[in-house]
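J.: Just input_39.csv, nothing more (CSV, N, CA and C atoms):
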```
chain,number,residue,atom,x,y,z
A,284,MET,N,-23.6,2.0,-16.8
A,284,MET,CA,-23.7,2.6,-15.5
A,284,MET,C,-22.3,3.0,-15.0
A,285,MET,N,-22.2,4.2,-14.5
A,285,MET,CA,-20.9,4.7,-14.1
A,285,MET,C,-20.6,4.3,-12.6
A,286,ASN,N,-19.4,4.0,-12.3
A,286,ASN,CA,-19.0,3.7,-11.0
A,286,ASN,C,-18.4,4.9,-10.4
A,287,ASN,N,-19.0,5.5,-9.4
A,287,ASN,CA,-18.6,6.7,-8.8
A,287,ASN,C,-17.7,6.5,-7.5
A,288,GLN,N,-17.3,5.3,-7.3
A,288,GLN,CA,-16.5,5.0,-6.1
A,288,GLN,C,-15.1,5.6,-6.2
A,289,LEU,N,-14.7,6.3,-5.2
A,289,LEU,CA,-13.4,6.9,-5.2
A,289,LEU,C,-12.3,5.8,-5.2
A,290,LYS,N,-11.2,6.1,-5.9
A,290,LYS,CA,-10.2,5.1,-6.0
A,290,LYS,C,-8.8,5.7,-5.6
A,291,ALA,N,-8.0,4.9,-5.0
A,291,ALA,CA,-6.7,5.4,-4.5
A,291,ALA,C,-5.7,4.3,-4.8
A,292,LEU,N,-4.5,4.7,-5.4
A,292,LEU,CA,-3.4,3.8,-5.6
A,292,LEU,C,-2.3,4.3,-4.6
A,293,TYR,N,-2.0,3.4,-3.7
A,293,TYR,CA,-1.0,3.7,-2.7
A,293,TYR,C,0.3,3.0,-3.0
A,294,ILE,N,1.3,3.8,-3.2
A,294,ILE,CA,2.6,3.2,-3.6
A,294,ILE,C,3.6,3.5,-2.5
A,295,SER,N,4.3,2.5,-2.1
A,295,SER,CA,5.2,2.6,-1.0
A,295,SER,C,6.4,1.6,-1.1
A,296,THR,N,7.5,2.0,-0.6
A,296,THR,CA,8.7,1.1,-0.6
A,296,THR,C,8.6,0.0,0.5
A,297,GLU,N,7.7,0.3,1.5
A,297,GLU,CA,7.5,-0.7,2.6
A,297,GLU,C,6.1,-1.0,2.7
A,298,VAL,N,5.8,-2.3,2.6
A,298,VAL,CA,4.4,-2.8,2.8
A,298,VAL,C,4.5,-4.0,3.6
A,299,TYR,N,3.8,-4.0,4.8
A,299,TYR,CA,3.8,-5.2,5.7
A,299,TYR,C,2.9,-6.2,5.0
A,300,PRO,N,3.3,-7.5,5.0
A,300,PRO,CA,4.4,-8.2,5.6
A,300,PRO,C,5.6,-8.4,4.7
A,301,PHE,N,5.6,-7.7,3.6
A,301,PHE,CA,6.6,-8.0,2.5
A,301,PHE,C,8.0,-7.3,2.8
A,302,ALA,N,7.9,-6.0,3.3
A,302,ALA,CA,9.1,-5.3,3.6
A,302,ALA,C,8.9,-4.4,4.7
A,303,LYS,N,9.8,-4.4,5.7
A,303,LYS,CA,9.7,-3.5,6.9
A,303,LYS,C,11.1,-3.2,7.3
A,304,THR,N,11.4,-1.9,7.2
A,304,THR,CA,12.7,-1.5,7.7
A,304,THR,C,12.6,-0.3,8.6
A,305,GLY,N,11.5,0.4,8.6
A,305,GLY,CA,11.4,1.6,9.4
A,305,GLY,C,9.9,1.9,9.7
A,306,GLY,N,9.7,3.2,10.1
A,306,GLY,CA,8.3,3.6,10.5
A,306,GLY,C,7.3,3.8,9.3
A,307,LEU,N,7.8,3.8,8.1
A,307,LEU,CA,6.9,4.0,7.0
A,307,LEU,C,5.9,2.9,6.9
A,308,VAL,N,6.3,1.7,7.3
A,308,VAL,CA,5.4,0.6,7.2
A,308,VAL,C,4.2,0.7,8.1
A,309,ASP,N,4.3,1.5,9.1
A,309,ASP,CA,3.1,1.8,10.0
A,309,ASP,C,2.1,2.6,9.2
A,310,VAL,N,2.5,3.6,8.5
A,310,VAL,CA,1.6,4.3,7.7
A,310,VAL,C,1.0,3.5,6.5
A,311,SER,N,1.9,2.7,5.9
A,311,SER,CA,1.5,1.8,4.8
A,311,SER,C,0.5,0.8,5.2
A,312,ALA,N,0.4,0.4,6.5
A,312,ALA,CA,-0.6,-0.5,7.0
A,312,ALA,C,-1.9,0.3,7.3
A,313,PHE,N,-1.7,1.4,7.9
A,313,PHE,CA,-2.9,2.1,8.5
A,313,PHE,C,-3.7,2.9,7.4
A,314,LEU,N,-3.0,3.7,6.6
A,314,LEU,CA,-3.7,4.5,5.6
A,314,LEU,C,-4.7,3.8,4.7
A,315,PRO,N,-4.2,2.7,4.0
A,315,PRO,CA,-5.1,2.0,3.1
A,315,PRO,C,-6.3,1.4,3.8
A,316,LYS,N,-6.1,0.9,5.0
A,316,LYS,CA,-7.3,0.3,5.8
A,316,LYS,C,-8.3,1.4,6.1
A,317,SER,N,-7.8,2.6,6.5
A,317,SER,CA,-8.6,3.7,6.8
A,317,SER,C,-9.4,4.2,5.5
A,318,LEU,N,-8.8,4.2,4.4
A,318,LEU,CA,-9.5,4.6,3.2
A,318,LEU,C,-10.5,3.6,2.8
A,319,ARG,N,-10.2,2.3,3.0
A,319,ARG,CA,-11.2,1.3,2.7
A,319,ARG,C,-12.4,1.4,3.6
A,320,ALA,N,-12.2,1.8,4.8
A,320,ALA,CA,-13.3,2.0,5.7
A,320,ALA,C,-14.2,3.2,5.3
A,321,LEU,N,-13.7,4.1,4.4
A,321,LEU,CA,-14.4,5.2,3.9
A,321,LEU,C,-15.0,4.8,2.5
A,322,SER,N,-14.9,3.6,2.1
A,322,SER,CA,-15.5,3.0,0.9
A,322,SER,C,-14.6,3.4,-0.4
A,323,TYR,N,-13.3,3.7,-0.2
A,323,TYR,CA,-12.4,3.8,-1.3
A,323,TYR,C,-12.1,2.4,-1.9
A,324,ASP,N,-11.9,2.4,-3.2
A,324,ASP,CA,-11.3,1.2,-3.8
A,324,ASP,C,-9.8,1.4,-3.8
A,325,VAL,N,-9.1,0.8,-2.9
A,325,VAL,CA,-7.7,1.0,-2.6
A,325,VAL,C,-6.8,-0.1,-3.2
A,326,ARG,N,-5.8,0.2,-4.0
A,326,ARG,CA,-4.8,-0.7,-4.5
A,326,ARG,C,-3.5,-0.3,-3.9
A,327,ILE,N,-2.7,-1.3,-3.6
A,327,ILE,CA,-1.4,-1.1,-3.0
A,327,ILE,C,-0.3,-1.6,-3.9
A,328,MET,N,0.7,-0.8,-4.2
A,328,MET,CA,1.8,-1.2,-5.1
A,328,MET,C,3.1,-0.9,-4.4
A,329,MET,N,4.1,-1.8,-4.6
A,329,MET,CA,5.5,-1.5,-4.1
A,329,MET,C,6.4,-2.0,-5.2
A,330,PRO,N,7.6,-1.3,-5.3
A,330,PRO,CA,8.6,-1.6,-6.3
A,330,PRO,C,9.2,-3.0,-5.9
A,331,LYS,N,9.6,-3.7,-7.0
A,331,LYS,CA,10.3,-5.0,-6.8
A,331,LYS,C,11.8,-4.7,-6.9
A,332,PHE,N,12.5,-4.9,-5.7
A,332,PHE,CA,13.9,-4.7,-5.6
A,332,PHE,C,14.6,-6.0,-5.7
A,333,LYS,N,15.8,-6.0,-6.3
A,333,LYS,CA,16.6,-7.2,-6.2
A,333,LYS,C,17.1,-7.4,-4.8
A,334,PRO,N,17.2,-8.7,-4.3
A,334,PRO,CA,17.7,-8.9,-3.0
A,334,PRO,C,19.2,-8.4,-2.9
A,335,SER,N,19.5,-7.9,-1.7
A,335,SER,CA,20.8,-7.4,-1.5
A,335,SER,C,21.6,-8.4,-0.7
A,336,LYS,N,22.9,-8.5,-0.8
A,336,LYS,CA,23.7,-9.4,0.0
A,336,LYS,C,24.1,-8.6,1.2
A,337,LYS,N,23.9,-9.3,2.4
A,337,LYS,CA,24.4,-8.7,3.6
A,337,LYS,C,25.8,-9.0,3.8
A,338,GLY,N,26.6,-8.1,4.2
A,338,GLY,CA,28.0,-8.3,4.3
A,338,GLY,C,28.7,-7.8,5.5
```
Have the structure of the file written as structure tokens, please.

T.:
Amino acid sequence: MMNNQLKALYISTEVYPFAKTGGLVDVSAFLPKSLRALSYDVRIMMPKFKPSKKG
């Protein structure tokens, strides 16, 4: 049996609560939730950056 559920992979450099530096995180939180409400199978991915030293 085929699964006809729509799928979305959301990739962002900011994903709350892991990384927040600007307004992009607001979209990163809102858009996937909205798509899930429309019955999308949503996966969220963000790149793994090395920690930076504050100086």

J.: Just checking: using only N, CA and C atoms, which residue out of A:Ser311, A:Lys331, A:Arg326, A:Ala320 ends up closest to Val298 in chain A?

T.: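 Using only N, CA and C atoms, Val298 in chain A sits closest to A:Ser311.
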
J.: May I have the residues within 6 Å of Ile294 in chain A as a list in words, using only N, CA and C atoms and disregarding those fewer than 5 positions away in the same chain?

T.: Ile327, Met328 and Met329 of chain A

J.: Could you give me the residues within chain A that DSSP places in strand (DSSP E or B), as a list in words?

T.: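 Filtering chain A to strand (DSSP E or B) leaves Lys290, Ala291, Leu292, Tyr293, Ile294, Asp324, Val325, Arg326, Ile327 and Met328 of chain A.
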
J.: Please compute the atom C of Pro330 in chain A-CA of Lys290 in chain A distance, one decimal, in Å.

T.: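 Those two atoms sit 21.0 Å apart.
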
J.: Quick check for you: according to DSSP on this backbone, which residues of chain A are classed as alpha helix (DSSP H)? Reply as a list in words.

T.: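 Result set for chain A (alpha helix (DSSP H)): Leu307, Val308, Asp309, Val310, Ser311, Ala312, Phe313, Leu314, Pro315, Lys316, Ser317, Leu318, Arg319 and Ala320 of chain A.
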
J.: For Glu297 in chain A, find every residue with an atom within 6.5 Å (counting only N, CA and C atoms), except residues of its own chain fewer than 5 positions away, and show them as a list in words.

T.: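 Selected residues are Ala302, Lys303, Thr304, Leu307, Val308, Ser311 and Met329 of chain A.
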
J.: So the first atom is CA of Ser322 in chain A and the second is atom C of Asn287 in chain A; what is the distance between them in Å, to one decimal place?

T.: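 Value for the CA of Ser322 in chain A-atom C of Asn287 in chain A distance: 9.4 Å.
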
J.: Could you tell me how far CA of Leu289 in chain A lies from CA of Val310 in chain A, in Å and to one decimal?

T.: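 Answer for the CA of Leu289 in chain A to CA of Val310 in chain A separation: 20.0 Å.
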
J.: Identify, on the basis of all atoms listed in the file, every residue whose closest approach to Ala291 in chain A does not exceed 6 Å; exclude the query and any residue fewer than 4 positions from it along the same chain; express the result as a list of chain:residue names.

T.: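 After dropping sequence-adjacent residues, the list is A:Tyr323, A:Asp324, A:Val325, A:Arg326.
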
J.: Kindly write chain A with C-alpha atoms to a file, as a short mmCIF file (atom, residue, chain, number, x, y, z; two decimals), in the first residue's frame.

T.:
```cif
data_model
loop_
_atom_site.label_atom_id
_atom_site.label_comp_id
_atom_site.auth_asym_id
_atom_site.auth_seq_id
_atom_site.Cartn_x
_atom_site.Cartn_y
_atom_site.Cartn_z
CA MET A 284 0.00 0.00 0.00
CA MET A 285 1.38 3.42 -0.97
CA ASN A 286 1.63 6.28 1.49
CA ASN A 287 0.32 9.43 -0.20
CA GLN A 288 1.09 11.71 2.74
CA LEU A 289 2.91 14.86 1.69
CA LYS A 290 6.41 15.14 3.10
CA ALA A 291 8.55 18.19 3.82
CA LEU A 292 12.16 18.45 4.91
CA TYR A 293 12.75 21.81 6.57
CA ILE A 294 16.41 22.82 6.79
CA SER A 295 17.42 25.89 8.76
CA THR A 296 20.48 27.28 10.53
CA GLU A 297 18.26 28.31 13.44
CA VAL A 298 15.86 25.93 15.18
CA TYR A 299 14.40 26.72 18.59
CA PRO A 300 15.46 25.71 21.29
CA PHE A 301 18.86 24.72 19.86
CA ALA A 302 19.95 27.92 18.11
CA LYS A 303 18.45 31.39 18.12
CA THR A 304 20.26 34.47 16.88
CA GLY A 305 17.66 36.35 14.86
CA GLY A 306 14.20 36.37 13.36
CA LEU A 307 14.69 33.25 11.26
CA VAL A 308 13.93 31.12 14.32
CA ASP A 309 10.37 32.52 14.38
CA VAL A 310 9.72 31.09 10.91
CA SER A 311 11.57 27.89 11.84
CA ALA A 312 9.13 27.37 14.70
CA PHE A 313 5.94 28.43 12.91
CA LEU A 314 6.19 26.87 9.43
CA PRO A 315 6.77 23.22 10.39
CA LYS A 316 3.92 23.36 12.94
CA SER A 317 1.61 24.82 10.30
CA LEU A 318 2.54 22.11 7.81
CA ARG A 319 1.93 19.39 10.42
CA ALA A 320 -1.53 20.86 11.00
CA LEU A 321 -2.13 20.26 7.27
CA SER A 322 -1.12 16.59 7.72
CA TYR A 323 2.38 16.88 6.24
CA ASP A 324 5.08 14.54 7.48
CA VAL A 325 7.61 17.22 8.49
CA ARG A 326 11.26 16.59 9.36
CA ILE A 327 13.51 19.36 10.61
CA MET A 328 17.26 19.43 10.05
CA MET A 329 19.94 21.91 10.99
CA PRO A 330 23.68 21.91 10.34
CA LYS A 331 26.04 21.03 13.16
CA PHE A 332 28.47 23.88 13.68
CA LYS A 333 31.54 23.79 15.88
CA PRO A 334 31.19 26.01 18.96
CA SER A 335 32.82 29.39 18.53
CA LYS A 336 34.89 31.15 21.13
CA LYS A 337 33.52 34.48 22.25
CA GLY A 338 36.24 37.04 22.49
#
```
